[in-house]
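Data from my_file_30.pdb: PDB, C-alpha atoms, pLDDT in the B column
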```pdb
ATOM      1  CA  MET A   1     131.600  72.887  93.066  1.00 39.00           C
ATOM      2  CA  ILE A   2     128.424  70.946  93.519  1.00 44.00           C
ATOM      3  CA  GLY A   3     126.009  73.845  94.090  1.00 51.00           C
ATOM      4  CA  PRO A   4     122.424  73.277  95.262  1.00 63.00           C
ATOM      5  CA  ILE A   5     121.768  69.577  95.700  1.00 69.00           C
ATOM      6  CA  ILE A   6     118.683  69.296  93.471  1.00 71.00           C
ATOM      7  CA  SER A   7     119.824  71.403  90.498  1.00 68.00           C
ATOM      8  CA  SER A   8     123.157  69.574  90.617  1.00 67.00           C
ATOM      9  CA  GLY A   9     121.385  66.227  90.184  1.00 71.00           C
ATOM     10  CA  ILE A  10     122.369  64.879  93.607  1.00 75.00           C
ATOM     11  CA  LEU A  11     118.686  64.521  94.504  1.00 75.00           C
ATOM     12  CA  SER A  12     115.648  64.098  92.276  1.00 78.00           C
ATOM     13  CA  PRO A  13     113.479  67.180  91.540  1.00 78.00           C
ATOM     14  CA  MET A  14     110.681  65.217  93.254  1.00 80.00           C
ATOM     15  CA  TRP A  15     112.285  66.351  96.530  1.00 81.00           C
ATOM     16  CA  ASP A  16     111.473  70.010  95.734  1.00 80.00           C
ATOM     17  CA  ASN A  17     108.018  69.932  97.295  1.00 83.00           C
ATOM     18  CA  ILE A  18     109.159  67.825 100.238  1.00 87.00           C
ATOM     19  CA  PHE A  19     111.910  70.337 101.054  1.00 84.00           C
ATOM     20  CA  ALA A  20     109.438  73.206 100.573  1.00 84.00           C
ATOM     21  CA  VAL A  21     107.037  71.690 103.129  1.00 88.00           C
ATOM     22  CA  LEU A  22     109.798  70.866 105.630  1.00 90.00           C
ATOM     23  CA  ILE A  23     111.408  74.311 105.347  1.00 86.00           C
ATOM     24  CA  GLY A  24     107.984  75.967 105.601  1.00 86.00           C
ATOM     25  CA  MET A  25     107.144  73.986 108.729  1.00 88.00           C
ATOM     26  CA  GLY A  26     110.514  74.834 110.248  1.00 88.00           C
ATOM     27  CA  PHE A  27     110.072  78.513 109.429  1.00 85.00           C
ATOM     28  CA  GLY A  28     106.575  78.543 110.920  1.00 85.00           C
ATOM     29  CA  PHE A  29     107.835  76.788 114.060  1.00 88.00           C
ATOM     30  CA  ALA A  30     110.612  79.376 114.414  1.00 85.00           C
ATOM     31  CA  LEU A  31     108.158  82.268 113.987  1.00 84.00           C
ATOM     32  CA  GLU A  32     105.822  80.841 116.628  1.00 87.00           C
ATOM     33  CA  SER A  33     108.721  80.080 118.989  1.00 86.00           C
ATOM     34  CA  PHE A  34     109.860  83.720 118.899  1.00 83.00           C
ATOM     35  CA  GLY A  35     106.317  84.969 119.445  1.00 84.00           C
ATOM     36  CA  PHE A  36     105.844  86.330 115.941  1.00 85.00           C
ATOM     37  CA  SER A  37     102.272  85.049 115.765  1.00 86.00           C
ATOM     38  CA  SER A  38     101.373  87.893 118.153  1.00 87.00           C
ATOM     39  CA  SER A  39     100.700  91.234 116.482  1.00 85.00           C
ATOM     40  CA  ARG A  40     101.514  92.892 119.826  1.00 85.00           C
ATOM     41  CA  LYS A  41     104.970  91.345 119.847  1.00 82.00           C
ATOM     42  CA  ILE A  42     105.616  92.732 116.366  1.00 82.00           C
ATOM     43  CA  ILE A  43     104.000  96.162 116.644  1.00 83.00           C
ATOM     44  CA  VAL A  44     105.961  97.137 119.797  1.00 83.00           C
ATOM     45  CA  THR A  45     109.070  97.213 117.582  1.00 83.00           C
ATOM     46  CA  PHE A  46     107.759 100.440 116.025  1.00 81.00           C
ATOM     47  CA  PHE A  47     107.493 102.005 119.495  1.00 82.00           C
ATOM     48  CA  GLY A  48     110.939 100.898 120.673  1.00 81.00           C
ATOM     49  CA  TYR A  49     109.707  98.585 123.438  1.00 82.00           C
ATOM     50  CA  ASP A  50     111.079  95.327 122.049  1.00 82.00           C
ATOM     51  CA  PHE A  51     113.429  94.649 119.130  1.00 86.00           C
ATOM     52  CA  VAL A  52     113.343  90.854 119.060  1.00 85.00           C
ATOM     53  CA  VAL A  53     111.824  90.907 115.545  1.00 84.00           C
ATOM     54  CA  VAL A  54     114.663  93.020 114.142  1.00 86.00           C
ATOM     55  CA  LYS A  55     117.279  90.978 116.022  1.00 88.00           C
ATOM     56  CA  VAL A  56     115.951  87.649 114.724  1.00 86.00           C
ATOM     57  CA  PHE A  57     115.855  88.777 111.101  1.00 84.00           C
ATOM     58  CA  PHE A  58     119.278  90.442 111.280  1.00 88.00           C
ATOM     59  CA  THR A  59     120.658  87.231 112.776  1.00 90.00           C
ATOM     60  CA  ALA A  60     119.052  85.204 109.976  1.00 88.00           C
ATOM     61  CA  ALA A  61     120.617  87.506 107.347  1.00 88.00           C
ATOM     62  CA  ILE A  62     124.063  87.166 108.922  1.00 91.00           C
ATOM     63  CA  VAL A  63     123.863  83.383 109.260  1.00 91.00           C
ATOM     64  CA  ALA A  64     122.658  82.989 105.653  1.00 89.00           C
ATOM     65  CA  SER A  65     125.276  85.373 104.243  1.00 88.00           C
ATOM     66  CA  MET A  66     128.191  83.893 106.165  1.00 90.00           C
ATOM     67  CA  GLY A  67     126.931  80.366 105.550  1.00 89.00           C
ATOM     68  CA  LEU A  68     126.927  80.900 101.784  1.00 87.00           C
ATOM     69  CA  LEU A  69     130.449  82.341 101.904  1.00 88.00           C
ATOM     70  CA  TYR A  70     131.848  79.447 103.906  1.00 87.00           C
ATOM     71  CA  LEU A  71     130.036  76.824 101.828  1.00 84.00           C
ATOM     72  CA  SER A  72     131.379  78.394  98.641  1.00 84.00           C
ATOM     73  CA  TYR A  73     134.922  78.325 100.058  1.00 84.00           C
ATOM     74  CA  PHE A  74     134.574  74.610 100.729  1.00 83.00           C
ATOM     75  CA  GLY A  75     133.156  73.996  97.246  1.00 79.00           C
ATOM     76  CA  LEU A  76     129.712  73.046  98.507  1.00 78.00           C
ATOM     77  CA  VAL A  77     127.811  75.927  96.868  1.00 78.00           C
ATOM     78  CA  ASP A  78     128.129  77.252  93.347  1.00 76.00           C
ATOM     79  CA  TYR A  79     126.850  80.846  93.202  1.00 74.00           C
ATOM     80  CA  SER A  80     126.085  80.464  89.503  1.00 74.00           C
ATOM     81  CA  GLN A  81     123.408  77.867  90.356  1.00 74.00           C
ATOM     82  CA  LEU A  82     121.611  80.051  92.894  1.00 77.00           C
ATOM     83  CA  TYR A  83     118.450  81.782  91.708  1.00 79.00           C
ATOM     84  CA  ILE A  84     118.571  85.547  92.228  1.00 83.00           C
ATOM     85  CA  GLN A  85     115.194  87.276  92.067  1.00 86.00           C
ATOM     86  CA  PRO A  86     115.309  90.049  89.418  1.00 89.00           C
ATOM     87  CA  THR A  87     115.159  93.568  90.831  1.00 87.00           C
ATOM     88  CA  PHE A  88     112.520  96.047  89.692  1.00 90.00           C
ATOM     89  CA  LEU A  89     113.527  99.111  91.675  1.00 87.00           C
ATOM     90  CA  ALA A  90     110.479 101.370  91.272  1.00 89.00           C
ATOM     91  CA  SER A  91     107.921  98.668  92.006  1.00 89.00           C
ATOM     92  CA  ALA A  92     110.046  97.386  94.907  1.00 89.00           C
ATOM     93  CA  ILE A  93     109.997 100.841  96.507  1.00 92.00           C
ATOM     94  CA  VAL A  94     106.236 101.256  96.037  1.00 91.00           C
ATOM     95  CA  GLY A  95     105.576  97.708  97.259  1.00 89.00           C
ATOM     96  CA  GLY A  96     107.885  98.222 100.226  1.00 90.00           C
ATOM     97  CA  VAL A  97     106.022 101.357 101.286  1.00 93.00           C
ATOM     98  CA  ILE A  98     102.642  99.610 100.964  1.00 89.00           C
ATOM     99  CA  MET A  99     103.846  96.578 102.903  1.00 87.00           C
ATOM    100  CA  GLY A 100     105.485  98.780 105.557  1.00 87.00           C
ATOM    101  CA  VAL A 101     102.258 100.709 106.122  1.00 88.00           C
ATOM    102  CA  GLY A 102     100.301  97.448 106.312  1.00 86.00           C
ATOM    103  CA  PHE A 103     102.878  95.996 108.690  1.00 84.00           C
ATOM    104  CA  ALA A 104     102.627  99.010 111.007  1.00 83.00           C
ATOM    105  CA  MET A 105      98.808  99.099 110.895  1.00 84.00           C
ATOM    106  CA  GLY A 106      98.097  95.378 111.207  1.00 84.00           C
ATOM    107  CA  GLY A 107     101.114  94.130 113.119  1.00 85.00           C
ATOM    108  CA  PHE A 108     101.769  91.344 110.620  1.00 88.00           C
ATOM    109  CA  CYS A 109     103.739  90.665 107.478  1.00 85.00           C
ATOM    110  CA  PRO A 110     102.534  87.900 105.104  1.00 86.00           C
ATOM    111  CA  GLY A 111     104.589  85.189 106.842  1.00 85.00           C
ATOM    112  CA  THR A 112     103.656  86.107 110.402  1.00 88.00           C
ATOM    113  CA  SER A 113      99.960  86.456 109.471  1.00 89.00           C
ATOM    114  CA  LEU A 114     100.033  82.871 108.148  1.00 88.00           C
ATOM    115  CA  CYS A 115     101.661  81.770 111.394  1.00 87.00           C
ATOM    116  CA  ALA A 116      99.021  83.561 113.478  1.00 90.00           C
ATOM    117  CA  ALA A 117      96.171  82.171 111.357  1.00 90.00           C
ATOM    118  CA  ALA A 118      97.624  78.656 111.638  1.00 88.00           C
ATOM    119  CA  VAL A 119      97.406  78.788 115.438  1.00 89.00           C
ATOM    120  CA  GLY A 120      93.854  80.160 115.260  1.00 90.00           C
ATOM    121  CA  LYS A 121      94.365  83.844 116.100  1.00 91.00           C
ATOM    122  CA  LEU A 122      91.465  85.926 114.820  1.00 92.00           C
ATOM    123  CA  ASP A 123      93.522  89.003 113.939  1.00 90.00           C
ATOM    124  CA  GLY A 124      95.874  86.823 111.888  1.00 90.00           C
ATOM    125  CA  ILE A 125      92.930  85.253 110.046  1.00 93.00           C
ATOM    126  CA  VAL A 126      91.458  88.691 109.276  1.00 92.00           C
ATOM    127  CA  PHE A 127      94.832  90.023 108.110  1.00 91.00           C
ATOM    128  CA  LEU A 128      95.357  86.937 105.935  1.00 90.00           C
ATOM    129  CA  GLY A 129      91.895  87.357 104.441  1.00 92.00           C
ATOM    130  CA  GLY A 130      92.660  90.980 103.621  1.00 91.00           C
ATOM    131  CA  MET A 131      95.912  89.916 101.988  1.00 90.00           C
ATOM    132  CA  PHE A 132      94.124  87.428  99.736  1.00 91.00           C
ATOM    133  CA  ILE A 133      91.553  90.074  98.786  1.00 94.00           C
ATOM    134  CA  GLY A 134      94.410  92.444  97.933  1.00 91.00           C
ATOM    135  CA  VAL A 135      96.162  89.805  95.825  1.00 91.00           C
ATOM    136  CA  PHE A 136      92.892  89.092  93.985  1.00 95.00           C
ATOM    137  CA  LEU A 137      92.204  92.774  93.293  1.00 94.00           C
ATOM    138  CA  PHE A 138      95.784  93.330  92.122  1.00 92.00           C
ATOM    139  CA  SER A 139      95.699  90.337  89.777  1.00 93.00           C
ATOM    140  CA  GLU A 140      92.339  91.366  88.320  1.00 95.00           C
ATOM    141  CA  SER A 141      93.524  94.940  87.698  1.00 94.00           C
ATOM    142  CA  PHE A 142      97.069  93.994  86.668  1.00 93.00           C
ATOM    143  CA  PRO A 143      96.928  95.738  83.251  1.00 93.00           C
ATOM    144  CA  LEU A 144      96.588  99.035  85.142  1.00 92.00           C
ATOM    145  CA  TRP A 145      99.729  98.362  87.176  1.00 89.00           C
ATOM    146  CA  GLU A 146     101.813  96.421  84.653  1.00 91.00           C
ATOM    147  CA  LYS A 147     103.982  99.383  83.633  1.00 91.00           C
ATOM    148  CA  LEU A 148     104.797 100.200  87.257  1.00 89.00           C
ATOM    149  CA  TYR A 149     105.294  96.511  88.065  1.00 89.00           C
ATOM    150  CA  ASN A 150     108.013  96.168  85.413  1.00 89.00           C
ATOM    151  CA  SER A 151     109.629  99.577  85.876  1.00 86.00           C
ATOM    152  CA  GLY A 152     113.136 100.111  87.167  1.00 83.00           C
ATOM    153  CA  SER A 153     114.430  96.737  85.976  1.00 85.00           C
ATOM    154  CA  GLN A 154     117.927  96.038  87.301  1.00 84.00           C
ATOM    155  CA  GLY A 155     118.151  92.365  86.380  1.00 83.00           C
ATOM    156  CA  SER A 156     119.338  89.707  88.812  1.00 83.00           C
ATOM    157  CA  LYS A 157     121.698  91.833  90.851  1.00 80.00           C
ATOM    158  CA  MET A 158     123.313  91.154  94.210  1.00 82.00           C
ATOM    159  CA  ILE A 159     123.561  94.045  96.699  1.00 85.00           C
ATOM    160  CA  ASN A 160     127.348  93.831  96.718  1.00 85.00           C
ATOM    161  CA  ASP A 161     127.345  94.172  92.900  1.00 84.00           C
ATOM    162  CA  ALA A 162     125.226  97.316  93.182  1.00 82.00           C
ATOM    163  CA  PHE A 163     127.846  98.821  95.508  1.00 88.00           C
ATOM    164  CA  GLY A 164     130.764  97.438  93.497  1.00 89.00           C
ATOM    165  CA  ILE A 165     132.241  95.481  96.403  1.00 90.00           C
ATOM    166  CA  SER A 166     133.029  91.817  97.005  1.00 88.00           C
ATOM    167  CA  PRO A 167     130.574  89.454  98.758  1.00 86.00           C
ATOM    168  CA  GLU A 168     133.094  89.100 101.585  1.00 88.00           C
ATOM    169  CA  LEU A 169     133.285  92.856 102.183  1.00 92.00           C
ATOM    170  CA  PHE A 170     129.505  93.211 102.016  1.00 91.00           C
ATOM    171  CA  THR A 171     129.096  90.435 104.603  1.00 91.00           C
ATOM    172  CA  PHE A 172     131.642  92.177 106.838  1.00 92.00           C
ATOM    173  CA  PHE A 173     129.647  95.430 106.629  1.00 93.00           C
ATOM    174  CA  LEU A 174     126.418  93.502 107.269  1.00 91.00           C
ATOM    175  CA  VAL A 175     127.874  92.012 110.451  1.00 92.00           C
ATOM    176  CA  LEU A 176     129.043  95.466 111.582  1.00 93.00           C
ATOM    177  CA  ALA A 177     125.568  96.887 110.899  1.00 92.00           C
ATOM    178  CA  ALA A 178     123.965  94.055 112.878  1.00 91.00           C
ATOM    179  CA  VAL A 179     126.282  94.565 115.863  1.00 92.00           C
ATOM    180  CA  GLY A 180     125.564  98.297 115.738  1.00 93.00           C
ATOM    181  CA  MET A 181     121.840  97.592 115.577  1.00 90.00           C
ATOM    182  CA  PHE A 182     122.011  95.207 118.552  1.00 91.00           C
ATOM    183  CA  TYR A 183     123.739  97.842 120.702  1.00 91.00           C
ATOM    184  CA  GLY A 184     121.474 100.611 119.402  1.00 91.00           C
ATOM    185  CA  ALA A 185     118.341  98.579 120.114  1.00 88.00           C
ATOM    186  CA  ALA A 186     119.526  97.872 123.662  1.00 87.00           C
ATOM    187  CA  TRP A 187     120.151 101.603 124.205  1.00 89.00           C
ATOM    188  CA  VAL A 188     116.691 102.557 122.858  1.00 87.00           C
ATOM    189  CA  GLN A 189     114.966  99.932 125.011  1.00 83.00           C
ATOM    190  CA  LYS A 190     116.608 101.398 128.128  1.00 83.00           C
ATOM    191  CA  LYS A 191     115.342 104.870 127.219  1.00 80.00           C
ATOM    192  CA  VAL A 192     111.788 103.901 126.335  1.00 79.00           C
ATOM    193  CA  LYS A 193     109.195 103.450 129.073  1.00 66.00           C
ATOM    194  CA  LYS A 194     108.390  99.793 129.628  1.00 64.00           C
ATOM    195  CA  VAL A 195     104.883  98.607 128.825  1.00 58.00           C
ATOM    196  CA  GLU A 196     103.071  95.344 129.326  1.00 58.00           C
ATOM    197  CA  TYR A 197     101.998  93.679 126.085  1.00 54.00           C
TER     198      TYR A 197
END
```

Encoded form (structure tokens):
Amino acid sequence: MIGPIISSGILSPMWDNIFAVLIGMGFGFALESFGFSSSRKIIVTFFGYDFVVVKVFFTAAIVASMGLLYLSYFGLVDYSQLYIQPTFLASAIVGGVIMGVGFAMGGFCPGTSLCAAAVGKLDGIVFLGGMFIGVFLFSESFPLWEKLYNSGSQGSKMINDAFGISPELFTFFLVLAAVGMFYGAAWVQKKVKKVEY
């Protein structure tokens, strides 16, 4: 298996930053194309008016998961060369709650706020500014939060490992969940009163 093309030596590490810029530009273009630079487009998800945000991200998860499986079958990806972010369960839960509240209040996540700021939207710029202030305050007070930050360490664990199932079975369940979500979202949208946003 050849694994990722840079860590396998197929391309020079000098390509790292080039790929980062190209992928970032592509991701930003995709966010803007789906309307994710609009806080209204995102916030209506919480009210059941429009589920395009959930559908796009579920689709991305399915494509990435199935793509990795197929590429590994053809010997084009070596799982052992993929970086898995270590899991810190307690801090992930606390951070998830904080981000979820911020997402619901501001209508942006970090990525979509960057997209909105890049196209000159004032609410995106304000949200991005608040995010940088939060990052600064957190970094300056890190000794106070260090114990929480490192708590609940699970190591570099895949979700399928946590459930004790194979990657193939997890992907199958993920696809089923996505299909269920697509049908459920369509049902909710029919029941919820339409609004102009």

Exercise for the section: Using the chain letters and numbers from the file, give me the residues hit by the PyMOL selection byres ((chain A and resi 57-61) around 10), as an NGL selection string. Expected result: :A and (52-56 or 62-67 or 171 or 174-175 or 177-179 or 181-182)

Problem - Residue nearest Phe170 of chain A among A:Ala118, A:Leu69, A:Ile43, A:Ile93 (counting all atoms listed in the file) - result: A:Leu69

Handout entry: Point-to-point distance in Å for atom CA of Ser153 of chain A and atom CA of Phe88 of chain A
Key =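 Computing the Euclidean distance for atom CA of Phe88 of chain A and atom CA of Ser153 of chain A yields 4.2 Å.
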
Problem - Minimum-distance residue to Trp187 of chain A, chosen among A:Leu11, A:Ala20, A:Gly48, A:Lys157 (using only C-alpha atoms) - result: A:Gly48

Problem - Pick from A:Gly75, A:Gly9, A:Gly184, A:Gly26, whichever lies nearest to Cys115 of chain A using all atoms listed in the file - result: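 Checking each candidate against Cys115 of chain A, we get A:Gly26 as the closest.
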
Practice task
Quick one: everything within 9 Å of Gly124 of chain A, counting all atoms listed in the file, minus sequence neighbours fewer than 5 positions away in the same chain. Send it as a ChimeraX atom specification.
Solution key: /A:37-39,106,108,112-119,129

Exercise for the section: Figure out the distance between atom CA of Leu31 of chain A and atom CA of Pro110 of chain A, please, to one decimal in Å. Expected result: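 Separation between atom CA of Pro110 of chain A and atom CA of Leu31 of chain A: 11.9 Å.
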
Problem - Answer key for the PyMOL selection byres ((chain A and resi 135-148) around 12), residues as a list in words - result: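 Checking the PyMOL selection byres ((chain A and resi 135-148) around 12) against this file, the residues are Phe88, Leu89, Ala90, Ser91, Ala92, Ile93, Val94, Gly95, Pro110, Leu128, Gly129, Gly130, Met131, Phe132, Ile133, Gly134, Tyr149, Asn150, Ser151, Gly152 and Ser153 of chain A.
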
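Pairwise distance (atom CA of Pro86 of chain A, atom CA of Ile159 of chain A) equals 11.7 Å.
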
Exercise for the section: For the structure provided, state which residues fall under the PyMOL selection byres ((chain A and resi 44) around 12), and present them as a PyMOL selection string. Expected result: chain A and resi 36+38-43+45-54+103-108+189+192-197

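Distance check against Leu82 of chain A using all atoms listed in the file: of A:Gly120, A:Ser156, A:Ser12, A:Gly111, the minimum falls on A:Ser156.
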
Six-sided padding of 4 Å per side, axis-aligned box over segment 166-180 of chain A, centre and edges in Å, one decimal, as JSON:
```
{"center_x": 128.6, "center_y": 93.7, "center_z": 106.4, "size_x": 17.3, "size_y": 17.2, "size_z": 26.9}
```

Excluding Asn17 of chain A and residues on its chain fewer than 6 positions from it, collect all residues at most 12 Å away from it, counting only C-alpha atoms, and give them as a PDB file with C-alpha atoms, in the frame of the given file.
```
ATOM      1  CA  ILE A   6     118.683  69.296  93.471  1.00 71.00           C
ATOM      2  CA  ILE A  23     111.408  74.311 105.347  1.00 86.00           C
ATOM      3  CA  GLY A  24     107.984  75.967 105.601  1.00 86.00           C
TER       4      GLY A  24
END
```

As a compact mmCIF listing (two decimals), in the coordinates of the input, could you write out segment 147-168 of chain A once it has been completed with N, CA, C and O atoms?
```txt
# COMPACT_ATOMS: atom_id res chain seq x y z
N LYS A 147 102.84 98.51 83.93
CA LYS A 147 103.98 99.38 83.63
C LYS A 147 104.80 99.67 84.89
O LYS A 147 106.03 99.60 84.88
N LEU A 148 104.11 99.97 85.99
CA LEU A 148 104.80 100.20 87.26
C LEU A 148 105.47 98.92 87.74
O LEU A 148 106.62 98.95 88.21
N TYR A 149 104.78 97.80 87.61
CA TYR A 149 105.29 96.51 88.06
C TYR A 149 106.64 96.17 87.42
O TYR A 149 107.53 95.63 88.08
N ASN A 150 106.79 96.50 86.15
CA ASN A 150 108.01 96.17 85.41
C ASN A 150 109.02 97.31 85.33
O ASN A 150 110.04 97.18 84.66
N SER A 151 108.74 98.42 86.00
CA SER A 151 109.63 99.58 85.88
C SER A 151 110.85 99.45 86.79
O SER A 151 110.82 98.78 87.81
N GLY A 152 111.90 100.11 86.38
CA GLY A 152 113.14 100.11 87.17
C GLY A 152 113.86 98.79 87.17
O GLY A 152 114.50 98.41 88.15
N SER A 153 113.80 98.06 86.04
CA SER A 153 114.43 96.74 85.98
C SER A 153 115.94 96.84 86.12
O SER A 153 116.60 97.62 85.42
N GLN A 154 116.48 96.08 87.05
CA GLN A 154 117.93 96.04 87.30
C GLN A 154 118.52 94.66 87.00
O GLN A 154 119.72 94.46 87.17
N GLY A 155 117.67 93.72 86.60
CA GLY A 155 118.15 92.36 86.38
C GLY A 155 118.38 91.64 87.69
O GLY A 155 117.99 92.10 88.76
N SER A 156 119.04 90.50 87.61
CA SER A 156 119.34 89.71 88.81
C SER A 156 120.64 90.22 89.41
O SER A 156 121.73 89.77 89.05
N LYS A 157 120.52 91.15 90.31
CA LYS A 157 121.70 91.83 90.85
C LYS A 157 121.81 91.60 92.35
O LYS A 157 120.84 91.73 93.10
N MET A 158 123.03 91.28 92.78
CA MET A 158 123.31 91.15 94.21
C MET A 158 123.59 92.55 94.78
O MET A 158 124.04 93.44 94.05
N ILE A 159 123.34 92.74 96.08
CA ILE A 159 123.56 94.04 96.70
C ILE A 159 125.02 94.45 96.60
O ILE A 159 125.35 95.61 96.33
N ASN A 160 125.93 93.49 96.79
CA ASN A 160 127.35 93.83 96.72
C ASN A 160 127.74 94.30 95.31
O ASN A 160 128.60 95.17 95.15
N ASP A 161 127.08 93.73 94.27
CA ASP A 161 127.34 94.17 92.90
C ASP A 161 126.89 95.62 92.70
O ASP A 161 127.54 96.40 92.01
N ALA A 162 125.76 95.96 93.31
CA ALA A 162 125.23 97.32 93.18
C ALA A 162 126.18 98.34 93.79
O ALA A 162 126.30 99.46 93.29
N PHE A 163 126.88 97.93 94.87
CA PHE A 163 127.85 98.82 95.51
C PHE A 163 129.26 98.65 94.97
O PHE A 163 130.17 99.38 95.36
N GLY A 164 129.45 97.67 94.09
CA GLY A 164 130.76 97.44 93.50
C GLY A 164 131.78 96.90 94.48
O GLY A 164 132.97 97.23 94.39
N ILE A 165 131.33 96.06 95.43
CA ILE A 165 132.24 95.48 96.40
C ILE A 165 132.11 93.97 96.37
O ILE A 165 131.17 93.41 95.80
N SER A 166 133.04 93.28 96.99
CA SER A 166 133.03 91.82 97.00
C SER A 166 131.97 91.30 97.99
O SER A 166 131.59 92.01 98.92
N PRO A 167 131.52 90.04 97.79
CA PRO A 167 130.57 89.45 98.76
C PRO A 167 131.15 89.41 100.17
O PRO A 167 130.42 89.59 101.14
N GLU A 168 132.45 89.18 100.27
CA GLU A 168 133.09 89.10 101.58
C GLU A 168 133.02 90.45 102.31
O GLU A 168 132.70 90.52 103.51
```
